[in-house]
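Q: Can you keep this structure in mind? I'll have questions shortly.
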Amino acid sequence: MLVTGGAGFIGSHACVELLDHGYEVIVVDDYTNSSPQVLARVERVAGRFVGAVYELDIRDRRSLSAVFERHSVDAVMHFAALKSPSASLKSPVPYYDTNVGGTTALLRAMHEHGVHRLVFSSTCAVYGDAGPGLLDESTPAAPAAPYGTSKWISEQILADVCRHCPDCTVLCLRYANPAGAHPSGMLGEVPSDVPDNLLPYVAQVAVGRRERLRIFGGDYPTPDGTAIRDYIHVMDTVEAHRVALDHLADAPGMRVFNIGLGQGSSVLDVVAVFSAACGRQVPYEIAPRRPGDVASLVADASAVSRAWGWRPTRDLGDVCRDAWRFQQLNPRGYREDGEGYRAAGHDGQPPA
Ligand code: UDP
């Protein structure tokens with residue numbers, strides 16, 4: 001199994017899930033928003049080694065092709081991408097370059113080496129500002145930022161490739177808001193800069209690295225005025241990917257599924273649940289809305305349950321509890337394996 005972006009937040013958890021289920025895992029990552037230490041953690045959590053790791057940009061076709069030549073790859077999970085809607089508004093071109101260009105470079109390498117099975121990391125951000133209800137897969141795409149557009153364009157390319165290539169099978173998984181951490185506290189979300197996403201920001205406030213959360217918008221048309229999202233645990237998210245592999249062969253062509261909890265939580269809900277998890281009130285202030293944000297985005301995740309009999313089992317309490325454990329054990333992220341990690345009795349050695 002080739003995992004692009006395997007050192008990233010979702011990719012690293014996916015590697016553990018795959019190793020735990022007996023898959024051989026090959027990783028490519030350019031460490032844009034991650035670090036090599038992550039993969040050492042992956043191996044310790046799983047108690048198995050990743051087959052090979054290549055530091056490369058997926059747009060580098062020659063290097064990517066060499067990976068396919070060296071390994072017999074039977075399927076690909078494609079996570080490598082830029083992922084901030086607000087950053088994509090300020091600087092759209094890298095989003096198209098990396099997310100669309102990266103996907104076509106990968107497709108080309110796959111095609112040249114006869115690999116036709118792909119699980120693609122997409123996003124419910126393709127729906128844009130579609131309103132307060134549950135959004136199913138037939139909701140028309142209207143992304144609010146270039147990030148969502150880059151994923152929507154990639155989906156259309158994949159669909160078209162599948163139309164013309166009878167051997168190709170693609171599962172596009174449109175995630176709601178993956179969050180949380182591995183229950184071991186060894187893997188989590190470590191942004192290389194100021195966190196853009198809500199959960200890592202809240203966690204850094206809770207651990208004292210930042211003074212207070214700025215809640216972007218208190219005047220949305222929602223019950224408490226703050227924006228609503230569907231926070232799905234990262235472990236459920238990667239479980240869905242692993243289950244997807246068993247269903248790639250169910251039907252030819254491309255299929256699209258939402259991966260979410262199907263329950264909305266406001267930013268204030270997250271603050272309350274996180275505060276309960278960490279045992280202290282997370283300080284916050286209401287700030288202006290963030291450009292590119294929408295009022296509500298909650299996935300109707302029933303199609304995947306009907307198709308595969310799979311559904312998420314963790315809730316927002318689990319997301320906050322696990323994110324807090326990770327933050328406590330790794331107050332400075334993966335740097336030096338975290339003082340807190342050792343203080344909690346872990347010796348920092350690979351598994352026996
Ligand atoms: N959010 C916030 N303060 C932050 C980060 C995020 O109020 O420091 C809000 C953001 O405006 C959105 C929600 O939290 O309403 C989820 O944001 P995130 O960036 O995690 O996900 P996305 O915007 O991609 O749904």
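Letters A, B, ... mark the chains of the structure tokens in the order given; residue numbers begin at 1 per chain; ligand numbers begin at 1, in order shown.
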Show me which residues are within 9 Å of ligand 1 counting only C-alpha atoms and all ligand atoms, and format the list as a ChimeraX atom specification.
A: /A:83-86,123-125,176-179,194-202,213-218,226-231,266-268,270,286-287,289-297
Q: DSSP on the backbone: which residues in stretch 289-346 of chain A end up as strand (DSSP E or B)? Give the answer as a list in words.
A: Ser296, Leu297, Val298 and Ala299 of chain A
Q: Kindly save the residues from that selection, with C-alpha atoms included, as a CSV table (one decimal), in the first residue's frame.
A:
```csv
chain,number,residue,atom,x,y,z
A,296,SER,CA,-22.6,25.2,9.1
A,297,LEU,CA,-21.2,22.0,7.6
A,298,VAL,CA,-22.6,18.7,8.9
A,299,ALA,CA,-22.2,15.6,6.8
```
Q: Provide the atom CA of A:Pro331 to atom CA of A:Asp315 distance in Å, to one decimal place.
A: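 Distance between the two atoms: 23.6 Å.
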Q: Using only C-alpha atoms, determine which residues lie at most 9 Å from A:Ser65, disregarding the query and same-chain residues fewer than 3 positions distant; provide the list as a ChimeraX atom specification.
A: /A:60-62,68-70,106,108-110,112-113
Q: The selected residues should be written to file as a PDB file, in the first residue's frame (atoms: C-alpha atoms).
A:
```
ATOM      1  CA  ASP A  60       8.279  15.228  -8.846  1.00  0.00           C
ATOM      2  CA  ARG A  61       7.262  12.674 -11.440  1.00  0.00           C
ATOM      3  CA  ARG A  62      10.641  11.044 -11.879  1.00  0.00           C
ATOM      4  CA  PHE A  68       6.524   2.525  -8.178  1.00  0.00           C
ATOM      5  CA  GLU A  69       9.416   0.820  -9.965  1.00  0.00           C
ATOM      6  CA  ARG A  70      11.023  -0.253  -6.704  1.00  0.00           C
ATOM      7  CA  LEU A 106       0.211  10.513  -8.980  1.00  0.00           C
ATOM      8  CA  ARG A 108       0.237   9.343 -14.207  1.00  0.00           C
ATOM      9  CA  ALA A 109       2.704   7.298 -12.169  1.00  0.00           C
ATOM     10  CA  MET A 110      -0.056   4.861 -11.211  1.00  0.00           C
ATOM     11  CA  GLU A 112       2.412   3.947 -16.059  1.00  0.00           C
ATOM     12  CA  HIS A 113       2.866   1.158 -13.533  1.00  0.00           C
TER      13      HIS A 113
END
```
Q: Hey, which of A:Ser34, A:Thr4, A:Ser12, A:Ser138 ends up closest to A:Asp193? Count only C-alpha atoms.
A: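 Looking only at the distances to A:Asp193, the closest residue turns out to be A:Ser34.
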Q: Would you mind reading off the distance between atom CA of A:Cys320 and atom CA of A:Ala206, one decimal, in Å?
A: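 Taking atom CA of A:Cys320 and atom CA of A:Ala206, their separation equals 11.1 Å.
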Q: Which residues, written as a tab-separated table (two decimals) with N, CA, C and O atoms, in the first residue's frame, have at least one atom at most 10 Å from A:Ala301, with only C-alpha atoms counted and residues fewer than 6 positions away on the same chain left out?
A:
```tsv
chain	number	residue	atom	x	y	z
A	134	LEU	N	-28.26	18.42	7.11
A	134	LEU	CA	-27.26	17.41	6.81
A	134	LEU	C	-27.00	17.42	5.30
A	134	LEU	O	-27.94	17.43	4.51
A	135	LEU	N	-25.74	17.39	4.91
A	135	LEU	CA	-25.39	17.47	3.49
A	135	LEU	C	-25.02	16.08	2.98
A	135	LEU	O	-24.04	15.49	3.44
A	136	ASP	N	-25.81	15.57	2.06
A	136	ASP	CA	-25.45	14.26	1.51
A	136	ASP	C	-24.61	14.43	0.25
A	136	ASP	O	-24.33	15.56	-0.19
A	137	GLU	N	-24.22	13.31	-0.32
A	137	GLU	CA	-23.25	13.34	-1.42
A	137	GLU	C	-23.83	13.97	-2.69
A	137	GLU	O	-23.08	14.30	-3.62
A	174	ARG	N	-15.11	12.07	1.33
A	174	ARG	CA	-15.24	13.50	1.67
A	174	ARG	C	-15.37	13.61	3.17
A	174	ARG	O	-16.40	13.32	3.75
A	175	TYR	N	-14.27	14.07	3.81
A	175	TYR	CA	-14.30	14.15	5.26
A	175	TYR	C	-15.01	15.42	5.71
A	175	TYR	O	-14.86	16.47	5.11
A	176	ALA	N	-15.66	15.26	6.86
A	176	ALA	CA	-16.12	16.43	7.60
A	176	ALA	C	-14.87	17.04	8.26
A	176	ALA	O	-13.94	17.39	7.55
A	257	PHE	N	-18.17	9.04	-0.97
A	257	PHE	CA	-18.87	8.90	0.31
A	257	PHE	C	-18.44	10.00	1.28
A	257	PHE	O	-17.25	10.31	1.38
A	258	ASN	N	-19.42	10.54	1.99
A	258	ASN	CA	-19.09	11.41	3.13
A	258	ASN	C	-18.58	10.56	4.29
A	258	ASN	O	-19.11	9.47	4.54
A	259	ILE	N	-17.59	11.09	5.00
A	259	ILE	CA	-17.12	10.45	6.22
A	259	ILE	C	-17.27	11.49	7.34
A	259	ILE	O	-16.50	12.45	7.43
A	260	GLY	N	-18.30	11.32	8.12
A	260	GLY	CA	-18.57	12.26	9.20
A	260	GLY	C	-19.35	11.56	10.29
A	260	GLY	O	-19.67	10.37	10.18
A	261	LEU	N	-19.65	12.34	11.33
A	261	LEU	CA	-20.42	11.79	12.44
A	261	LEU	C	-21.91	11.98	12.20
A	261	LEU	O	-22.74	11.27	12.75
A	262	GLY	N	-22.23	13.00	11.37
A	262	GLY	CA	-23.64	13.31	11.15
A	262	GLY	C	-24.22	14.14	12.28
A	262	GLY	O	-25.43	14.27	12.41
A	263	GLN	N	-23.32	14.71	13.13
A	263	GLN	CA	-23.78	15.56	14.24
A	263	GLN	C	-22.98	16.85	14.22
A	263	GLN	O	-21.75	16.81	14.12
A	311	ARG	N	-19.83	2.45	10.60
A	311	ARG	CA	-20.16	3.79	11.09
A	311	ARG	C	-19.15	4.20	12.16
A	311	ARG	O	-18.56	3.33	12.81
A	312	PRO	N	-18.97	5.50	12.35
A	312	PRO	CA	-18.04	5.94	13.40
A	312	PRO	C	-18.54	5.55	14.78
A	312	PRO	O	-19.76	5.47	14.99
```
Q: Quick one: residues within 12 Å of A:Tyr147, only C-alpha atoms, excluding same-chain residues fewer than 5 positions away - as a ChimeraX atom specification?
A: /A:81-100,122-128,142,152-154,292-293
Q: Set the distance at 9 Å and use only C-alpha atoms: which residues neighbour A:Glu189 once local chain neighbours fewer than 6 positions away are removed? I'd like the list as a ChimeraX atom specification.
A: /A:8-10,179-181,199-200,323,326-327,333
Q: Pull all heavy atoms from the residues just selected and write them as a short mmCIF file (atom, residue, chain, number, x, y, z; two decimals), in the first residue's frame.
A:
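Result went into again-v8.cif, see below:
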```
data_model
loop_
_atom_site.label_atom_id
_atom_site.label_comp_id
_atom_site.auth_asym_id
_atom_site.auth_seq_id
_atom_site.Cartn_x
_atom_site.Cartn_y
_atom_site.Cartn_z
N GLY A 8 1.62 13.03 7.62
CA GLY A 8 0.67 14.08 8.02
C GLY A 8 -0.30 13.58 9.09
O GLY A 8 -0.22 12.44 9.55
N PHE A 9 -1.21 14.45 9.47
CA PHE A 9 -2.12 14.14 10.57
C PHE A 9 -2.95 12.89 10.25
O PHE A 9 -2.86 11.87 10.96
CB PHE A 9 -3.02 15.35 10.83
CG PHE A 9 -4.13 15.10 11.81
CD1 PHE A 9 -3.89 14.42 13.01
CD2 PHE A 9 -5.42 15.54 11.56
CE1 PHE A 9 -4.92 14.20 13.93
CE2 PHE A 9 -6.44 15.33 12.46
CZ PHE A 9 -6.20 14.66 13.65
N ILE A 10 -3.71 12.91 9.20
CA ILE A 10 -4.56 11.75 8.91
C ILE A 10 -3.71 10.61 8.35
O ILE A 10 -3.89 9.44 8.71
CB ILE A 10 -5.70 12.12 7.94
CG1 ILE A 10 -6.50 13.30 8.51
CG2 ILE A 10 -6.63 10.93 7.71
CD1 ILE A 10 -7.54 13.87 7.59
N ALA A 179 -10.50 15.12 13.62
CA ALA A 179 -9.85 15.76 14.78
C ALA A 179 -9.57 14.68 15.81
O ALA A 179 -9.95 13.52 15.64
CB ALA A 179 -10.77 16.84 15.35
N GLY A 180 -8.90 15.07 16.90
CA GLY A 180 -8.56 14.10 17.94
C GLY A 180 -7.15 13.57 17.73
O GLY A 180 -6.31 14.21 17.08
N ALA A 181 -6.87 12.40 18.27
CA ALA A 181 -5.52 11.84 18.24
C ALA A 181 -5.60 10.35 18.50
O ALA A 181 -6.64 9.84 18.93
CB ALA A 181 -4.67 12.52 19.32
N LEU A 199 -9.25 22.33 16.78
CA LEU A 199 -8.84 21.47 17.90
C LEU A 199 -7.40 21.68 18.34
O LEU A 199 -7.14 21.84 19.54
CB LEU A 199 -9.15 20.01 17.57
CG LEU A 199 -10.47 19.44 18.14
CD1 LEU A 199 -10.46 19.46 19.68
CD2 LEU A 199 -11.69 20.18 17.64
N PRO A 200 -6.43 21.71 17.40
CA PRO A 200 -5.06 21.95 17.88
C PRO A 200 -4.89 23.32 18.52
O PRO A 200 -4.10 23.47 19.46
CB PRO A 200 -4.19 21.79 16.62
CG PRO A 200 -5.12 21.67 15.47
CD PRO A 200 -6.47 21.33 15.98
N ALA A 323 -7.33 14.42 22.00
CA ALA A 323 -6.51 15.58 21.61
C ALA A 323 -5.80 16.15 22.83
O ALA A 323 -4.64 16.55 22.77
CB ALA A 323 -7.38 16.64 20.94
N PHE A 326 -2.87 13.88 23.94
CA PHE A 326 -1.71 14.06 23.06
C PHE A 326 -1.01 15.38 23.38
O PHE A 326 0.22 15.44 23.46
CB PHE A 326 -2.14 14.04 21.59
CG PHE A 326 -1.00 14.31 20.65
CD1 PHE A 326 -0.04 13.34 20.42
CD2 PHE A 326 -0.86 15.55 20.05
CE1 PHE A 326 1.06 13.60 19.59
CE2 PHE A 326 0.23 15.81 19.22
CZ PHE A 326 1.18 14.83 18.99
N GLN A 327 -1.79 16.43 23.56
CA GLN A 327 -1.19 17.75 23.83
C GLN A 327 -0.42 17.74 25.15
O GLN A 327 0.68 18.29 25.25
CB GLN A 327 -2.28 18.82 23.85
CG GLN A 327 -1.76 20.22 23.96
CD GLN A 327 -0.99 20.65 22.73
OE1 GLN A 327 -1.52 20.63 21.63
NE2 GLN A 327 0.27 21.00 22.89
N GLY A 333 4.82 19.35 20.61
CA GLY A 333 4.68 18.55 19.40
C GLY A 333 5.63 17.37 19.39
O GLY A 333 5.91 16.78 20.44
#
```
Q: Would you mind writing down, as JSON, numbers by chain, each residue of stretch 97-142 of chain A that DSSP on the backbone assigns to helix (DSSP H, G or I)?
A: {"A": [97, 98, 99, 100, 101, 102, 103, 104, 105, 106, 107, 108, 109, 110, 111, 112, 124, 125, 126, 127]}
Q: If you keep N, CA, C and O atoms, can you produce a file of those selected residues as a PDB file, in the first residue's frame?
A:
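selection_27.pdb, written as the output of this step:
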```pdb
ATOM      1  N   ASP A  97      -1.703  23.869  -7.606  1.00  0.00           N
ATOM      2  CA  ASP A  97      -0.463  23.212  -8.019  1.00  0.00           C
ATOM      3  C   ASP A  97      -0.273  21.895  -7.248  1.00  0.00           C
ATOM      4  O   ASP A  97      -0.087  20.819  -7.836  1.00  0.00           O
ATOM      5  N   THR A  98      -0.356  21.975  -5.922  1.00  0.00           N
ATOM      6  CA  THR A  98      -0.098  20.782  -5.098  1.00  0.00           C
ATOM      7  C   THR A  98      -1.271  19.804  -5.150  1.00  0.00           C
ATOM      8  O   THR A  98      -1.076  18.600  -5.316  1.00  0.00           O
ATOM      9  N   ASN A  99      -2.473  20.313  -4.968  1.00  0.00           N
ATOM     10  CA  ASN A  99      -3.610  19.398  -4.808  1.00  0.00           C
ATOM     11  C   ASN A  99      -4.080  18.825  -6.134  1.00  0.00           C
ATOM     12  O   ASN A  99      -4.353  17.625  -6.229  1.00  0.00           O
ATOM     13  N   VAL A 100      -4.180  19.666  -7.161  1.00  0.00           N
ATOM     14  CA  VAL A 100      -4.606  19.147  -8.462  1.00  0.00           C
ATOM     15  C   VAL A 100      -3.394  18.566  -9.203  1.00  0.00           C
ATOM     16  O   VAL A 100      -3.420  17.421  -9.669  1.00  0.00           O
ATOM     17  N   GLY A 101      -2.303  19.356  -9.279  1.00  0.00           N
ATOM     18  CA  GLY A 101      -1.096  18.886  -9.973  1.00  0.00           C
ATOM     19  C   GLY A 101      -0.524  17.633  -9.320  1.00  0.00           C
ATOM     20  O   GLY A 101      -0.050  16.711  -9.997  1.00  0.00           O
ATOM     21  N   GLY A 102      -0.577  17.582  -8.002  1.00  0.00           N
ATOM     22  CA  GLY A 102      -0.083  16.395  -7.290  1.00  0.00           C
ATOM     23  C   GLY A 102      -0.920  15.175  -7.610  1.00  0.00           C
ATOM     24  O   GLY A 102      -0.394  14.064  -7.779  1.00  0.00           O
ATOM     25  N   THR A 103      -2.211  15.386  -7.714  1.00  0.00           N
ATOM     26  CA  THR A 103      -3.100  14.250  -8.014  1.00  0.00           C
ATOM     27  C   THR A 103      -2.866  13.748  -9.441  1.00  0.00           C
ATOM     28  O   THR A 103      -2.807  12.527  -9.674  1.00  0.00           O
ATOM     29  N   THR A 104      -2.695  14.651 -10.388  1.00  0.00           N
ATOM     30  CA  THR A 104      -2.472  14.180 -11.765  1.00  0.00           C
ATOM     31  C   THR A 104      -1.093  13.524 -11.898  1.00  0.00           C
ATOM     32  O   THR A 104      -0.944  12.526 -12.618  1.00  0.00           O
ATOM     33  N   ALA A 105      -0.104  14.045 -11.175  1.00  0.00           N
ATOM     34  CA  ALA A 105       1.222  13.403 -11.221  1.00  0.00           C
ATOM     35  C   ALA A 105       1.128  11.986 -10.663  1.00  0.00           C
ATOM     36  O   ALA A 105       1.707  11.038 -11.212  1.00  0.00           O
ATOM     37  N   LEU A 106       0.384  11.843  -9.578  1.00  0.00           N
ATOM     38  CA  LEU A 106       0.211  10.513  -8.980  1.00  0.00           C
ATOM     39  C   LEU A 106      -0.529   9.587  -9.949  1.00  0.00           C
ATOM     40  O   LEU A 106      -0.130   8.432 -10.156  1.00  0.00           O
ATOM     41  N   LEU A 107      -1.586  10.109 -10.553  1.00  0.00           N
ATOM     42  CA  LEU A 107      -2.357   9.286 -11.497  1.00  0.00           C
ATOM     43  C   LEU A 107      -1.487   8.812 -12.647  1.00  0.00           C
ATOM     44  O   LEU A 107      -1.595   7.682 -13.112  1.00  0.00           O
ATOM     45  N   ARG A 108      -0.636   9.705 -13.098  1.00  0.00           N
ATOM     46  CA  ARG A 108       0.237   9.343 -14.207  1.00  0.00           C
ATOM     47  C   ARG A 108       1.187   8.213 -13.808  1.00  0.00           C
ATOM     48  O   ARG A 108       1.348   7.225 -14.549  1.00  0.00           O
ATOM     49  N   ALA A 109       1.792   8.352 -12.644  1.00  0.00           N
ATOM     50  CA  ALA A 109       2.704   7.298 -12.169  1.00  0.00           C
ATOM     51  C   ALA A 109       1.944   5.990 -11.974  1.00  0.00           C
ATOM     52  O   ALA A 109       2.433   4.907 -12.340  1.00  0.00           O
ATOM     53  N   MET A 110       0.746   6.080 -11.412  1.00  0.00           N
ATOM     54  CA  MET A 110      -0.056   4.861 -11.211  1.00  0.00           C
ATOM     55  C   MET A 110      -0.349   4.212 -12.558  1.00  0.00           C
ATOM     56  O   MET A 110      -0.190   2.994 -12.727  1.00  0.00           O
ATOM     57  N   HIS A 111      -0.785   5.035 -13.499  1.00  0.00           N
ATOM     58  CA  HIS A 111      -1.148   4.529 -14.822  1.00  0.00           C
ATOM     59  C   HIS A 111       0.049   3.844 -15.494  1.00  0.00           C
ATOM     60  O   HIS A 111      -0.061   2.742 -16.036  1.00  0.00           O
ATOM     61  N   GLU A 112       1.207   4.499 -15.410  1.00  0.00           N
ATOM     62  CA  GLU A 112       2.412   3.947 -16.059  1.00  0.00           C
ATOM     63  C   GLU A 112       2.830   2.613 -15.457  1.00  0.00           C
ATOM     64  O   GLU A 112       3.511   1.825 -16.114  1.00  0.00           O
ATOM     65  N   CYS A 124     -15.692  17.594   2.695  1.00  0.00           N
ATOM     66  CA  CYS A 124     -17.048  18.153   2.636  1.00  0.00           C
ATOM     67  C   CYS A 124     -16.998  19.649   2.332  1.00  0.00           C
ATOM     68  O   CYS A 124     -18.046  20.260   2.085  1.00  0.00           O
ATOM     69  N   ALA A 125     -15.802  20.256   2.336  1.00  0.00           N
ATOM     70  CA  ALA A 125     -15.688  21.661   1.937  1.00  0.00           C
ATOM     71  C   ALA A 125     -16.103  21.852   0.478  1.00  0.00           C
ATOM     72  O   ALA A 125     -16.346  22.979   0.053  1.00  0.00           O
ATOM     73  N   VAL A 126     -16.207  20.778  -0.293  1.00  0.00           N
ATOM     74  CA  VAL A 126     -16.685  20.933  -1.681  1.00  0.00           C
ATOM     75  C   VAL A 126     -18.129  21.453  -1.698  1.00  0.00           C
ATOM     76  O   VAL A 126     -18.555  22.057  -2.676  1.00  0.00           O
ATOM     77  N   TYR A 127     -18.888  21.264  -0.607  1.00  0.00           N
ATOM     78  CA  TYR A 127     -20.292  21.704  -0.599  1.00  0.00           C
ATOM     79  C   TYR A 127     -20.426  23.209  -0.361  1.00  0.00           C
ATOM     80  O   TYR A 127     -21.465  23.788  -0.671  1.00  0.00           O
TER      81      TYR A 127
END
```
Q: When you look at A:Pro183 with a cut-off of 10 Å (counting only C-alpha atoms), what residues show up, excluding the ones that are within fewer than 4 positions of it in the same chain? I need them as a ChimeraX atom specification.
A: /A:187-188,235,318-319,321-323,325-326
Q: Nearest residue to A:Val67 out of A:Met1, A:Thr222, A:Ala130, A:Thr32, using only C-alpha atoms?
A: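 Selected residue with least distance to A:Val67: A:Met1.
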